[in-house]
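Q: Okay, so here is start.txt, and as you'll see once you scroll down, it has compact mmCIF, C-alpha atoms.
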```txt
# COMPACT_ATOMS: atom_id res chain seq x y z
CA MET A 26 97.55 98.91 119.57
CA HIS A 27 96.52 100.04 123.03
CA THR A 28 93.02 98.87 123.94
CA ALA A 29 92.32 102.21 125.68
CA LEU A 30 92.35 103.89 122.26
CA TYR A 31 89.54 101.75 120.88
CA LYS A 32 86.10 103.32 120.66
CA GLU A 33 82.61 102.31 119.58
CA LEU A 34 80.06 104.15 117.48
CA ILE A 35 76.52 103.35 116.42
CA VAL A 36 76.37 104.50 112.80
CA ARG A 37 73.25 105.92 111.19
CA ARG A 38 71.87 102.57 110.14
CA GLY A 39 72.06 101.28 113.70
CA LEU A 40 75.15 99.06 113.54
CA ILE A 41 77.95 99.16 116.10
CA TYR A 42 81.47 99.77 114.77
CA ARG A 43 84.59 99.34 116.89
CA TYR A 44 87.63 101.31 115.82
CA TYR A 45 91.06 102.48 116.93
CA TRP A 46 91.52 106.25 117.02
CA SER A 47 94.64 108.23 117.83
CA PRO A 48 94.43 111.98 117.01
CA SER A 49 97.09 113.63 114.90
CA ALA A 50 99.82 115.90 116.18
CA HIS A 51 101.84 118.67 114.52
CA GLN A 52 99.02 119.24 111.98
CA LYS A 53 99.66 115.88 110.35
CA PRO A 54 96.78 114.35 108.36
CA ALA A 55 94.69 111.43 109.57
CA LEU A 56 95.33 108.01 108.03
CA LEU A 57 92.31 105.74 107.54
CA PHE A 58 93.31 102.07 107.49
CA LEU A 59 90.85 99.56 106.00
CA HIS A 60 91.66 95.86 106.40
CA GLY A 61 90.56 92.82 104.41
CA PHE A 62 89.59 89.21 105.12
CA PRO A 63 90.09 87.49 107.52
CA SER A 64 91.69 90.46 109.22
CA TYR A 65 90.93 92.99 111.94
CA ALA A 66 92.10 96.51 112.66
CA SER A 67 95.00 94.98 114.58
CA ASP A 68 96.51 93.73 111.31
CA TRP A 69 97.72 97.30 110.85
CA GLN A 70 99.59 97.40 114.15
CA LYS A 71 103.02 97.73 112.53
CA GLN A 72 101.77 100.71 110.54
CA VAL A 73 99.92 102.20 113.52
CA VAL A 74 103.01 102.20 115.73
CA TYR A 75 105.23 103.65 113.00
CA PHE A 76 102.94 106.46 111.81
CA ARG A 77 101.57 107.37 115.22
CA GLU A 78 105.10 108.11 116.43
CA LEU A 79 105.47 110.47 113.46
CA GLY A 80 102.39 112.41 114.53
CA TYR A 81 99.84 111.12 112.04
CA GLY A 82 96.28 110.60 113.14
CA ILE A 83 95.28 106.94 112.99
CA LEU A 84 91.76 105.64 112.39
CA ALA A 85 91.54 101.87 111.98
CA PRO A 86 88.07 100.28 112.21
CA ASP A 87 87.14 96.65 112.50
CA LEU A 88 85.12 96.45 109.31
CA LEU A 89 81.64 94.95 109.17
CA GLY A 90 81.64 91.34 110.33
CA ALA A 91 85.04 91.52 112.02
CA GLY A 92 86.38 91.98 115.53
CA GLY A 93 84.28 94.15 117.81
CA THR A 94 82.09 95.49 115.01
CA ALA A 95 78.56 94.22 114.32
CA LYS A 96 78.31 90.78 112.72
CA PRO A 97 75.10 90.66 110.66
CA LEU A 98 74.31 87.39 108.88
CA ASP A 99 72.29 88.89 106.02
CA PRO A 100 74.49 89.57 102.95
CA GLN A 101 72.19 92.49 102.05
CA VAL A 102 73.67 94.45 104.97
CA PHE A 103 77.06 94.29 103.23
CA ARG A 104 76.07 96.67 100.45
CA LEU A 105 79.21 98.62 99.61
CA ASN A 106 77.50 102.00 99.42
CA ASP A 107 76.07 101.48 102.90
CA MET A 108 79.41 100.37 104.34
CA ALA A 109 81.04 103.42 102.77
CA ARG A 110 78.50 105.62 104.53
CA ASP A 111 79.29 103.80 107.80
CA ILE A 112 82.94 104.78 107.42
CA MET A 113 81.94 108.36 106.71
CA ASP A 114 79.90 108.34 109.92
CA ILE A 115 83.03 107.36 111.86
CA LEU A 116 85.12 110.05 110.18
CA ALA A 117 82.46 112.63 111.01
CA ALA A 118 82.25 111.49 114.63
CA GLU A 119 85.98 112.16 115.03
CA GLY A 120 85.87 115.47 113.17
CA ILE A 121 87.97 114.22 110.25
CA HIS A 122 87.14 116.26 107.17
CA LYS A 123 89.88 114.89 104.94
CA ALA A 124 91.93 111.71 105.30
CA ILE A 125 94.50 109.62 103.50
CA GLY A 126 92.87 106.24 102.86
CA ILE A 127 95.11 103.17 103.06
CA ALA A 128 93.60 99.80 102.28
CA HIS A 129 94.26 96.12 101.66
CA ASP A 130 92.20 93.29 100.14
CA TRP A 131 88.43 93.88 100.67
CA GLY A 132 89.38 97.16 102.33
CA SER A 133 90.59 98.30 98.90
CA VAL A 134 87.19 97.49 97.40
CA LEU A 135 85.54 99.61 100.09
CA LEU A 136 88.07 102.44 99.65
CA SER A 137 87.35 102.35 95.92
CA HIS A 138 83.68 103.08 96.60
CA LEU A 139 84.61 105.78 99.10
CA SER A 140 86.84 107.41 96.50
CA LEU A 141 83.94 107.64 94.05
CA LEU A 142 81.19 108.59 96.47
CA TYR A 143 83.13 111.00 98.70
CA PRO A 144 86.18 112.23 96.73
CA ASP A 145 86.33 115.53 98.62
CA SER A 146 86.94 113.63 101.86
CA PHE A 147 90.26 112.12 100.72
CA GLN A 148 93.52 113.83 99.93
CA ALA A 149 95.27 110.65 98.80
CA TYR A 150 95.04 106.87 98.62
CA GLY A 151 97.43 104.09 99.55
CA TRP A 152 96.64 100.72 97.95
CA ILE A 153 98.36 97.71 99.53
CA GLY A 154 98.41 94.81 97.08
CA LEU A 155 94.91 95.21 95.71
CA CYS A 156 94.52 98.53 93.90
CA PHE A 157 91.46 100.56 92.96
CA MET A 158 88.57 98.32 91.88
CA GLU A 159 86.01 99.72 89.48
CA PRO A 160 82.34 99.05 90.34
CA ILE A 161 80.91 95.90 88.77
CA THR A 162 78.15 96.83 86.30
CA VAL A 163 77.36 93.39 84.86
CA ARG A 164 76.18 90.37 86.80
CA PHE A 165 79.07 88.68 88.55
CA ASP A 166 79.28 84.99 87.72
CA LEU A 167 81.84 83.01 89.69
CA ASN A 168 82.32 80.34 87.05
CA MET A 169 82.91 82.95 84.37
CA ALA A 170 85.34 84.77 86.65
CA MET A 171 87.30 81.53 87.05
CA VAL A 172 87.38 81.07 83.28
CA TYR A 173 88.62 84.65 82.85
CA THR A 174 91.43 84.32 85.38
CA LYS A 175 92.41 80.97 83.88
CA GLU A 176 92.85 82.67 80.52
CA LEU A 177 94.65 85.70 81.98
CA LEU A 178 96.82 84.08 84.63
CA GLY A 179 96.92 80.40 83.78
CA TYR A 180 95.00 79.41 86.93
CA GLU A 181 91.56 79.95 88.48
CA GLY A 182 92.19 82.92 90.76
CA TYR A 183 88.69 82.70 92.24
CA ALA A 184 88.77 78.97 93.02
CA TYR A 185 88.94 79.46 96.79
CA TRP A 186 85.61 81.32 96.68
CA GLN A 187 83.90 77.97 96.10
CA PHE A 188 84.74 76.94 99.64
CA PHE A 189 84.07 80.36 101.20
CA LEU A 190 80.55 80.33 99.75
CA ARG A 191 79.60 77.00 101.27
CA ASP A 192 76.95 77.20 104.00
CA ASP A 193 79.20 75.29 106.39
CA ALA A 194 82.45 77.13 105.58
CA HIS A 195 82.43 79.13 108.82
CA SER A 196 82.05 76.03 111.00
CA VAL A 197 84.74 74.13 109.09
CA ILE A 198 87.09 77.09 109.56
CA GLN A 199 86.48 77.19 113.31
CA GLN A 200 87.06 73.45 113.59
CA HIS A 201 90.36 73.75 111.71
CA VAL A 202 91.42 77.26 112.63
CA ASP A 203 95.17 76.63 112.41
CA SER A 204 94.90 75.08 108.96
CA PHE A 205 92.79 78.05 107.85
CA LEU A 206 95.14 80.70 109.25
CA GLN A 207 98.27 79.05 107.91
CA LEU A 208 96.67 78.97 104.47
CA MET A 209 95.39 82.54 104.58
CA TYR A 210 98.71 83.83 105.98
CA PRO A 211 101.06 81.52 104.10
CA ASN A 212 104.70 81.23 105.03
CA ASN A 213 105.36 80.38 101.39
CA PRO A 214 103.33 82.54 98.95
CA ASP A 215 103.55 79.77 96.34
CA ASP A 216 101.19 77.66 98.44
CA TRP A 217 98.35 79.79 97.12
CA LEU A 218 98.96 78.47 93.60
CA THR A 219 97.97 75.05 94.88
CA TYR A 220 95.52 75.61 97.70
CA MET A 221 93.75 78.83 96.66
CA ALA A 222 93.91 78.82 92.86
CA LEU A 223 92.90 75.23 92.05
CA PRO A 224 89.29 74.02 92.36
CA ASN A 225 88.46 72.07 95.53
CA LYS A 226 91.95 72.48 96.99
CA THR A 227 90.97 75.10 99.60
CA ALA A 228 88.33 72.82 101.07
CA GLY A 229 90.69 69.87 100.93
CA CYS A 230 93.43 71.77 102.74
CA ILE A 231 91.24 73.04 105.57
CA GLU A 232 88.97 70.00 106.01
CA GLY A 233 92.04 67.79 105.88
CA ASP A 234 93.58 69.93 108.65
CA LEU A 235 96.72 70.44 106.59
CA ARG A 236 98.99 72.83 108.46
CA LEU A 237 101.39 74.63 106.16
CA GLY A 238 103.38 76.21 108.98
CA ARG A 239 102.98 79.35 111.04
CA PRO A 240 104.03 82.40 109.04
CA SER A 241 107.44 83.76 109.98
CA TYR A 242 106.17 87.34 109.71
CA LEU A 243 103.74 86.86 112.62
CA ASP A 244 105.16 86.33 116.09
CA GLU A 245 103.45 84.04 118.58
CA GLU A 246 101.37 86.84 120.11
CA GLU A 247 100.19 88.18 116.73
CA TYR A 248 99.24 84.71 115.57
CA ALA A 249 97.43 84.03 118.85
CA VAL A 250 95.40 87.24 118.48
CA LEU A 251 94.20 86.20 115.03
CA ARG A 252 93.47 82.67 116.23
CA ASN A 253 91.56 83.78 119.32
CA ASN A 254 89.53 86.33 117.36
CA ILE A 255 88.34 83.64 114.97
CA LEU A 256 87.55 81.20 117.77
CA ALA A 257 85.66 83.88 119.71
CA GLY A 258 83.86 85.75 116.94
CA GLY A 259 83.96 83.40 113.99
CA VAL A 260 83.95 84.34 110.32
CA GLN A 261 80.34 83.58 109.42
CA SER A 262 79.47 87.26 109.13
CA SER A 263 82.64 88.42 107.39
CA LEU A 264 82.25 85.75 104.70
CA ASN A 265 79.31 87.87 103.55
CA TRP A 266 81.75 90.17 101.75
CA TYR A 267 82.09 87.31 99.26
CA LYS A 268 78.42 86.32 99.28
CA ALA A 269 77.31 89.89 98.63
CA GLN A 270 79.35 90.04 95.44
CA VAL A 271 78.17 86.64 94.21
CA GLU A 272 74.56 87.65 94.92
CA ASN A 273 75.13 90.89 92.95
CA ILE A 274 73.83 93.03 95.80
CA ASP A 275 75.69 96.12 94.56
CA LEU A 276 74.75 95.77 90.91
CA GLN A 277 71.90 98.29 90.85
CA ASP A 278 73.96 100.85 92.76
CA ASN A 279 76.88 100.44 90.37
CA ARG A 280 74.99 100.79 87.12
CA HIS A 281 74.85 104.16 85.40
CA HIS A 282 71.54 106.01 85.92
CA GLY A 283 71.36 108.84 83.40
CA ASP A 284 73.41 112.02 83.49
CA CYS A 285 74.70 113.34 86.78
CA THR A 286 77.83 114.80 88.28
CA ARG A 287 79.66 113.91 91.48
CA SER A 288 78.02 116.77 93.33
CA SER A 289 74.47 115.90 92.31
CA CYS A 290 74.48 112.10 92.48
CA SER A 291 72.79 110.29 95.32
CA ILE A 292 74.36 107.58 97.44
CA THR A 293 72.67 104.99 95.22
CA GLU A 294 74.48 106.13 92.08
CA ILE A 295 78.10 105.83 91.03
CA PRO A 296 78.05 107.21 87.45
CA GLU A 297 80.64 105.78 85.11
CA ASN A 298 81.80 109.19 83.96
CA THR A 299 83.19 109.87 87.45
CA TRP A 300 85.25 106.70 87.76
CA LYS A 301 88.50 108.58 88.18
CA LEU A 302 90.77 108.93 91.18
CA LEU A 303 91.07 112.68 91.62
CA ALA A 304 93.67 112.45 94.41
CA PRO A 305 97.19 110.95 94.23
CA SER A 306 97.67 107.22 94.72
CA PHE A 307 100.51 105.12 96.09
CA VAL A 308 100.42 101.41 95.21
CA VAL A 309 102.40 98.72 96.99
CA VAL A 310 102.71 95.98 94.39
CA ALA A 311 103.05 92.54 95.99
CA LEU A 312 105.08 90.64 93.40
CA LYS A 313 104.24 87.19 94.81
CA ASP A 314 100.53 87.72 95.42
CA TYR A 315 98.80 85.25 93.10
CA ILE A 316 95.27 86.46 93.88
CA CYS A 317 95.53 90.27 94.02
CA THR A 318 98.08 90.17 91.25
CA PRO A 319 100.57 92.71 89.88
CA GLN A 320 98.88 92.17 86.51
CA ARG A 321 95.67 93.63 87.92
CA VAL A 322 97.55 96.74 89.06
CA LYS A 323 99.10 97.22 85.61
CA ILE A 324 95.70 96.92 83.90
CA THR A 325 93.66 98.99 86.33
CA MET A 326 95.62 101.95 87.66
CA PRO A 327 96.58 103.62 84.33
CA LYS A 328 92.92 103.50 83.34
CA TYR A 329 91.54 105.28 86.42
CA ALA A 330 94.41 107.32 87.90
CA SER A 331 96.83 109.89 86.51
CA ASP A 332 98.93 110.58 89.61
CA VAL A 333 100.33 107.24 90.76
CA GLU A 334 103.55 106.08 92.37
CA TYR A 335 104.44 102.40 92.67
CA CYS A 336 106.53 100.44 95.14
CA GLU A 337 107.30 96.80 94.32
CA VAL A 338 107.80 94.40 97.23
CA GLU A 339 108.91 90.74 97.06
CA SER A 340 105.98 89.67 99.22
CA GLY A 341 102.91 87.54 99.06
CA HIS A 342 99.43 88.82 99.85
CA TRP A 343 100.43 90.63 103.06
CA PRO A 344 103.21 93.16 102.23
CA HIS A 345 102.39 95.35 105.24
CA LEU A 346 103.00 92.33 107.49
CA GLU A 347 105.77 90.58 105.56
CA TYR A 348 107.86 93.70 104.86
CA PRO A 349 106.53 96.35 107.27
CA GLU A 350 109.72 98.39 107.45
CA GLU A 351 109.96 98.67 103.66
CA VAL A 352 106.26 99.43 103.20
CA ASN A 353 106.14 101.97 106.03
CA ALA A 354 109.24 103.80 104.87
CA ALA A 355 108.02 103.95 101.28
CA LEU A 356 104.61 105.27 102.30
CA HIS A 357 106.22 107.85 104.56
CA ARG A 358 108.63 109.06 101.86
CA TRP A 359 105.73 109.45 99.44
CA MET A 360 103.61 111.42 101.92
CA GLU A 361 106.49 113.53 103.17
CA ALA A 362 107.47 114.47 99.60
CA ARG A 363 104.00 115.90 99.15
CA GLY A 364 104.08 117.89 102.36
CA TRP A 365 101.94 115.52 104.40
```
Output the file's structure in the form of structure tokens.
A:
Amino acid sequence: MHTALYKELIVRRGLIYRYYWSPSAHQKPALLFLHGFPSYASDWQKQVVYFRELGYGILAPDLLGAGGTAKPLDPQVFRLNDMARDIMDILAAEGIHKAIGIAHDWGSVLLSHLSLLYPDSFQAYGWIGLCFMEPITVRFDLNMAMVYTKELLGYEGYAYWQFFLRDDAHSVIQQHVDSFLQLMYPNNPDDWLTYMALPNKTAGCIEGDLRLGRPSYLDEEEYAVLRNNILAGGVQSSLNWYKAQVENIDLQDNRHHGDCTRSSCSITEIPENTWKLLAPSFVVVALKDYICTPQRVKITMPKYASDVEYCEVESGHWPHLEYPEEVNAALHRWMEARGW
């Protein structure tokens, strides 16, 4: 991703966002790529190269806390409604009235809010691994979430959050950056069953400087970019995506406030009767992702979407990195079949 195509914007609430922007050609739509943790816009480079050559517009921001974007330390700044408005500010700055949103991990959570707050601004959605996530309307309790996933999956799918929520997690990660990266981008997806889904194992892996091996799907340069970004910018700010949920910062926004329609609701309301995806969805199902599981896709998408196409990939958490050719081709076929 050519550095000359990166831009910066101060959004309405005064935060700086850095993003990659390549305008569309041949009247192709713009694709909005939203990354997760501990990623940056550059995680989409294999998609950017592929779709840019086909004439699609590409907008890929470093999300709040990551890369060249602002890194606030207050979890309150990571309110999902506010971050959704930040993204809308970027779309407006580039004159994008309608986009196809493509997201992964925490980016999917943000795209979910965008889909509810600004449905007219999206003509379709691409969900990579993690699908649409309904707003949380009851207090989130980490221990209860671990009990729930234990019952559903047979393991505590939120166990790794215990380490991420520690006050010293960011400094431990920087001290053991290779252990952290090789856990987050595992060469063997099954490693997550041990080191992400069992209590205390994430901390033990990283603090013990256990190196699981550099992932085969990242070349030396790609791995070095991730490593250098963490060493230079840290993850203290981006860990607030987790802290904001545990502190229930979005709870009041997510709860139903009387009768309203999409057109009349304010930014602080996401009424339950509008929790439907009005535009088509394409879901890349990562069959070996033990955190953002295929089970979640099967439970969630039929409930909130009526126009959905699925593509199963034998990947772990990072299908767009592990199987980029397969993911790119499937996305392109889906869009092309619909005249995009």
Q: I'd like the contact shell of Leu243 of chain A - 12 Å cut-off, only C-alpha atoms, skipping same-chain residues fewer than 5 positions apart - returned as a list in words.
A: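 Everything that qualifies: Asp68, Gln70, Lys71, Leu206, Gln207, Tyr210, Pro211, Asn212, Gly238, Tyr248, Ala249, Val250, Leu251, Arg252, Trp343, His345, Leu346, Glu347, Tyr348 and Pro349 of chain A.
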Q: When you look at Val322 of chain A with a cut-off of 12 Å (counting all atoms listed in the file), what residues show up, excluding the ones that are within fewer than 4 positions of it in the same chain? I need them as a list in words.
A: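 The contact residues come out as Trp152, Ile153, Gly154, Leu155, Cys156, Phe157, Met158, Glu159, Ser306, Phe307, Val308, Val309, Val310, Ala311, Leu312, Asp314, Ile316, Cys317, Thr318, Met326, Pro327, Lys328, Tyr329, Ala330, Val333, Glu334, Tyr335, Cys336 and Glu337 of chain A.
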Q: What separation in Å, quoted to one decimal, exists between atom CA of Leu40 of chain A and atom CA of Ser263 of chain A?
A: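 These atoms are spaced 14.4 Å apart.
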Q: Of the candidates A:His195, A:His129, A:His342, A:His138, which one gets nearest to Tyr315 of chain A if we count all atoms listed in the file?
A: A:His342
Q: From the options A:Glu247, A:Asp99, A:Asp107, A:Glu297, which residue's atoms come nearest to Glu272 of chain A, counting all atoms listed in the file?
A: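 Ranking A:Glu247, A:Asp99, A:Asp107, A:Glu297 by distance to Glu272 of chain A, first place goes to A:Asp99.
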Q: Quote the spacing between atom CA of Ala128 of chain A and atom CA of His60 of chain A in Å to one decimal place.
A: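 Computed distance, atom CA of Ala128 of chain A to atom CA of His60 of chain A, equals 6.0 Å.
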Q: Tell me which of A:Asn265, A:Gln101, A:Gln72, A:Ser47 sits closest to Ala354 of chain A, counting all atoms listed in the file.
A: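 Of the candidates, the smallest distance to Ala354 of chain A is held by A:Gln72.
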Q: Any idea what the distance is between atom CA of Leu34 of chain A and atom CA of Arg110 of chain A?
A: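 Between atom CA of Leu34 of chain A and atom CA of Arg110 of chain A the gap is 13.1 Å.
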Q: Need the shell around Ala222 of chain A: protein/DNA/RNA residues with any atom at most 6 Å away, counting only C-alpha atoms. Skip same-chain ones fewer than 5 positions apart. Format as a compact mmCIF listing (two decimals) with C-alpha atoms, in the frame of the given file?
A:
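Wrote selection-v1.txt, looks like this:
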```
# COMPACT_ATOMS: atom_id res chain seq x y z
CA GLU A 181 91.56 79.95 88.48
CA GLY A 182 92.19 82.92 90.76
CA ALA A 184 88.77 78.97 93.02
```
Q: Can you pull out every residue within 12 Å of Leu256 of chain A, counting only C-alpha atoms, but drop anything in the same chain fewer than 6 positions away, and send it as a PyMOL selection string?
A: chain A and resi 92+195-203+205-206+249-250
Q: Could you check the closest approach to Ala55 of chain A for each of A:Lys32, A:Arg239, A:His122, A:Arg43 and tell me which residue wins, using only C-alpha atoms?
A: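 Ranking A:Lys32, A:Arg239, A:His122, A:Arg43 by distance to Ala55 of chain A, first place goes to A:His122.
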Q: For each of A:Met209, A:Leu141, A:Ala149, A:Leu177, take the minimum atom-to-atom distance to Cys230 of chain A, counting all atoms listed in the file, then give the residue where this is smallest.
A: A:Met209
Q: Can you tell me which residues surround Ala91 of chain A at a distance of at most 8 Å, considering all atoms listed in the file, apart from same-chain residues fewer than 6 positions away, and format the answer as JSON, numbers by chain?
A: {"A": [63, 64, 65, 258, 260, 262, 263]}
Q: Find the residue from A:Met169, A:Asp244, A:Met108, A:Lys175 that sits nearest to Val134 of chain A; use all atoms listed in the file when measuring.
A: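 Ranking A:Met169, A:Asp244, A:Met108, A:Lys175 by distance to Val134 of chain A, first place goes to A:Met108.
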